[in-house]
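In what follows, a single structure is set out as structure tokens and then discussed.
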Amino acid sequence: MVLLTMMAVLTAAIVVQRNLFAVVVFGSIYSFLMATVLVALDAVDVAMTEASVGAGMSTVLLLAALYLTRGEEVKPLHRPLLPLLVAMVIGAALVYGTFGLPAFSDPQAPINTHVVPRYLGESLKETGVPNVVTAVLASYRGYDTLGETIVVFTAGAGVIALLRRIRRREDTRR
Amino acid sequence: MRRDLVLRVVAKLLIPFVLLFALYVQFHGDFGPGGGFQAGVITAAAVIFFAIIFGLPAARRFAPDWFVESMVAAGVLVYGSVGVAGLLLGGNYLDYFVLAHDTVHGQERGIFWVEVGVAITVSGVMMKIFYMFAGRRRDPDEA
């Protein structure tokens, strides 16, 4: 609860703050709080990913991007009332949708009756890997992880393609 | 930042431990938290740390561009070839049971190589994106 309150305060600070450097630092702190929340929820693998990617890597990349641009956020040209309305309606719809979800850690919920008992009970016997997260990621859901790896690869290839072309154009201009 | 003695010494002390921790996360991911993705990110973070303290050219000498770029593709190839190995040994694509005589052993072997592939691709992509951003200079028209 304390963590969630701090995250809400940080979000407000990010919205109000106009200095982009401060926004990046706030974002990094937000990611660390998120990682702490995930540790509290016993999702250590996800917490590790959040701390290293969310707080570490993306902060460094955002700072590198910030170096290439101006440090101040531009004042909006018109009042963003319509986007605000759309965001609030979608947020309300999402909150309404959560009322239909089963209660947290409800043993009768579909997620706990379908494949999870097999994963938790049989994965050590079937894969010999004590960490269930690793067993599910790499073995039971091997296709998904292959897809994710290809997504990461595609992202890297996309960045290479985009930034390379810009550099070449600068060369021809000179 | 390149002339700051404290930062240089601390970086030299820390980076070996960061890399060691990445290896631990990679190979201990079967037992504790972690795995290929996290290990790849930590490896890339060590190289980026090095680049921030000692400058981009020094990092490029340590991990040259061609090497990083081939890492991006090599990881996916390692992952994919685990699947092809399963096919060749008479299973379905990404079937690990056939990779060793014992099915559980085959699973462990398959998971190990798959995680290696993920780690290689992830760290390659992270390093490459950082190189790309850090290698650009501020556009004179905008600043």
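Every chain in the structure tokens has a letter given in the order shown (A, B, ...), and although residue numbers restart at 1 in each chain, ligands are simply numbered from 1 in the order shown.
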
Q) Can you list, as a PyMOL selection string, every protein, DNA or RNA residue that comes within 10 Å of segment 80-90 of chain B when you count only C-alpha atoms, leaving out same-chain residues fewer than 3 positions away? A) (chain A and resi 142-143+146+150) or (chain B and resi 74-77+93-100+106+109-114+117)

Using only C-alpha atoms, find each residue of chain A with at least one atom at most 8 Å away from an atom of chain B; report its shortest atom-to-atom pair and that distance in Å (one decimal), sort the rows by chain and rising residue number, and return the result as a tab-separated table.
```
residue	atom	partner	partner_atom	distance
A:Val44	CA	B:Pro33	CA	6.0
A:Asp45	CA	B:Pro33	CA	5.0
A:Met48	CA	B:Gln38	CA	7.0
A:Thr49	CA	B:Gln38	CA	5.8
A:Ser52	CA	B:Val41	CA	6.7
A:Val53	CA	B:Val41	CA	6.9
A:Gly56	CA	B:Ala45	CA	7.7
A:Met57	CA	B:Ala45	CA	6.9
A:Leu61	CA	B:Phe130	CA	6.4
A:Ala64	CA	B:Ala134	CA	6.0
A:Ala65	CA	B:Phe133	CA	6.5
A:Tyr67	CA	B:Arg138	CA	7.2
A:Leu68	CA	B:Arg138	CA	4.7
A:Thr69	CA	B:Ala143	CA	6.9
A:Arg70	CA	B:Ala143	CA	6.6
A:Lys125	CA	B:Val104	CA	7.5
A:Glu126	CA	B:Val104	CA	5.9
A:Thr127	CA	B:Val104	CA	5.0
A:Gly128	CA	B:Val104	CA	5.7
A:Val129	CA	B:Asp30	CA	5.4
A:Pro130	CA	B:Phe31	CA	5.3
A:Asn131	CA	B:Phe31	CA	5.1
A:Thr134	CA	B:Asp30	CA	6.1
A:Ala135	CA	B:Ile111	CA	7.7
A:Ala138	CA	B:Ile111	CA	5.5
A:Ser139	CA	B:Ile111	CA	6.4
A:Gly142	CA	B:Leu94	CA	6.8
A:Tyr143	CA	B:Leu94	CA	7.5
A:Leu146	CA	B:Tyr79	CA	6.9
A:Thr149	CA	B:Val118	CA	6.1
A:Ile150	CA	B:Val76	CA	6.6
A:Val152	CA	B:Val122	CA	6.7
A:Phe153	CA	B:Val72	CA	6.1
A:Ala155	CA	B:Val125	CA	7.8
A:Gly156	CA	B:Val125	CA	5.0
A:Val159	CA	B:Ile129	CA	6.6
A:Ile160	CA	B:Met132	CA	7.3
A:Leu163	CA	B:Met132	CA	6.8
```

Residues just named, written with N, CA and C atoms as a compact mmCIF listing (two decimals), in the first residue's frame:
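Ended up saving to selection-v2.txt:
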```txt
# COMPACT_ATOMS: atom_id res chain seq x y z
N VAL A 44 9.75 -13.10 -8.41
CA VAL A 44 11.13 -12.63 -8.36
C VAL A 44 11.72 -12.47 -9.76
N ASP A 45 11.38 -13.40 -10.66
CA ASP A 45 11.94 -13.32 -12.02
C ASP A 45 11.51 -12.03 -12.70
N MET A 48 13.22 -9.01 -11.23
CA MET A 48 14.59 -8.87 -11.73
C MET A 48 14.60 -8.22 -13.10
N THR A 49 13.68 -8.68 -13.97
CA THR A 49 13.61 -8.09 -15.30
C THR A 49 13.24 -6.63 -15.22
N SER A 52 16.24 -4.57 -14.01
CA SER A 52 17.36 -4.42 -14.93
C SER A 52 16.94 -3.70 -16.21
N VAL A 53 15.77 -4.03 -16.75
CA VAL A 53 15.36 -3.40 -18.01
C VAL A 53 14.69 -2.05 -17.74
N GLY A 56 17.21 0.09 -15.19
CA GLY A 56 18.58 0.26 -15.67
C GLY A 56 18.67 0.64 -17.13
N MET A 57 18.27 -0.33 -17.98
CA MET A 57 18.55 -0.17 -19.41
C MET A 57 17.77 0.98 -20.03
N LEU A 61 19.09 4.38 -21.91
CA LEU A 61 18.75 4.70 -23.30
C LEU A 61 18.02 6.04 -23.38
N ALA A 64 20.51 8.74 -23.05
CA ALA A 64 21.26 8.89 -24.31
C ALA A 64 20.43 9.64 -25.34
N ALA A 65 19.11 9.34 -25.38
CA ALA A 65 18.23 10.04 -26.31
C ALA A 65 18.06 11.50 -25.89
N TYR A 67 20.23 13.34 -24.49
CA TYR A 67 21.42 14.09 -24.87
C TYR A 67 21.28 14.65 -26.28
N LEU A 68 20.50 13.93 -27.12
CA LEU A 68 20.36 14.36 -28.52
C LEU A 68 19.28 15.41 -28.69
N THR A 69 18.46 15.64 -27.66
CA THR A 69 17.35 16.59 -27.81
C THR A 69 17.47 17.70 -26.78
N ARG A 70 16.49 18.56 -26.76
CA ARG A 70 16.45 19.60 -25.74
C ARG A 70 15.92 19.03 -24.43
N LYS A 125 9.50 -33.18 -12.20
CA LYS A 125 9.63 -34.55 -12.70
C LYS A 125 9.87 -34.58 -14.21
N GLU A 126 9.16 -33.70 -14.92
CA GLU A 126 9.22 -33.78 -16.38
C GLU A 126 10.43 -33.09 -16.98
N THR A 127 10.88 -31.97 -16.35
CA THR A 127 11.99 -31.23 -16.95
C THR A 127 13.25 -31.26 -16.10
N GLY A 128 13.16 -31.64 -14.84
CA GLY A 128 14.34 -31.65 -13.99
C GLY A 128 14.82 -30.27 -13.60
N VAL A 129 13.97 -29.25 -13.79
CA VAL A 129 14.37 -27.88 -13.47
C VAL A 129 13.53 -27.41 -12.29
N PRO A 130 14.16 -27.08 -11.16
CA PRO A 130 13.37 -26.70 -9.98
C PRO A 130 12.63 -25.38 -10.12
N ASN A 131 13.17 -24.44 -10.91
CA ASN A 131 12.49 -23.15 -11.05
C ASN A 131 11.36 -23.29 -12.07
N THR A 134 11.33 -20.92 -15.14
CA THR A 134 12.22 -21.32 -16.23
C THR A 134 11.64 -22.48 -17.01
N ALA A 135 11.08 -23.47 -16.26
CA ALA A 135 10.53 -24.64 -16.93
C ALA A 135 9.40 -24.24 -17.88
N ALA A 138 10.92 -21.91 -20.92
CA ALA A 138 11.82 -22.49 -21.92
C ALA A 138 11.29 -23.80 -22.47
N SER A 139 10.47 -24.51 -21.70
CA SER A 139 10.07 -25.83 -22.16
C SER A 139 8.61 -25.89 -22.58
N GLY A 142 7.95 -23.06 -25.03
CA GLY A 142 9.14 -22.80 -25.83
C GLY A 142 8.84 -22.00 -27.08
N TYR A 143 7.68 -22.25 -27.70
CA TYR A 143 7.34 -21.50 -28.91
C TYR A 143 7.17 -20.02 -28.61
N LEU A 146 10.50 -18.46 -28.15
CA LEU A 146 11.15 -18.27 -29.46
C LEU A 146 10.60 -17.03 -30.13
N THR A 149 12.03 -13.97 -28.48
CA THR A 149 13.41 -13.73 -28.89
C THR A 149 13.45 -13.09 -30.27
N ILE A 150 12.54 -13.56 -31.15
CA ILE A 150 12.51 -12.98 -32.49
C ILE A 150 12.03 -11.54 -32.43
N VAL A 152 12.64 -9.44 -29.96
CA VAL A 152 13.82 -8.67 -29.54
C VAL A 152 14.77 -8.47 -30.71
N PHE A 153 14.99 -9.55 -31.47
CA PHE A 153 15.85 -9.49 -32.65
C PHE A 153 15.33 -8.46 -33.65
N ALA A 155 13.40 -5.92 -33.04
CA ALA A 155 13.57 -4.56 -32.51
C ALA A 155 14.98 -4.08 -32.77
N GLY A 156 15.97 -4.94 -32.50
CA GLY A 156 17.35 -4.55 -32.74
C GLY A 156 17.60 -4.26 -34.21
N VAL A 159 16.09 -0.90 -35.14
CA VAL A 159 16.88 0.25 -34.70
C VAL A 159 18.10 0.42 -35.59
N ILE A 160 18.75 -0.71 -35.91
CA ILE A 160 19.93 -0.63 -36.78
C ILE A 160 19.54 -0.02 -38.12
N LEU A 163 18.58 3.96 -37.65
CA LEU A 163 19.64 4.90 -37.31
C LEU A 163 20.76 4.88 -38.33
```

(Q) With DSSP run on the backbone, what are the alpha helix (DSSP H) residues within chain B? I'd like them as a ChimeraX atom specification. (A) /B:5-27,36-54,56-62,65-88,103-135
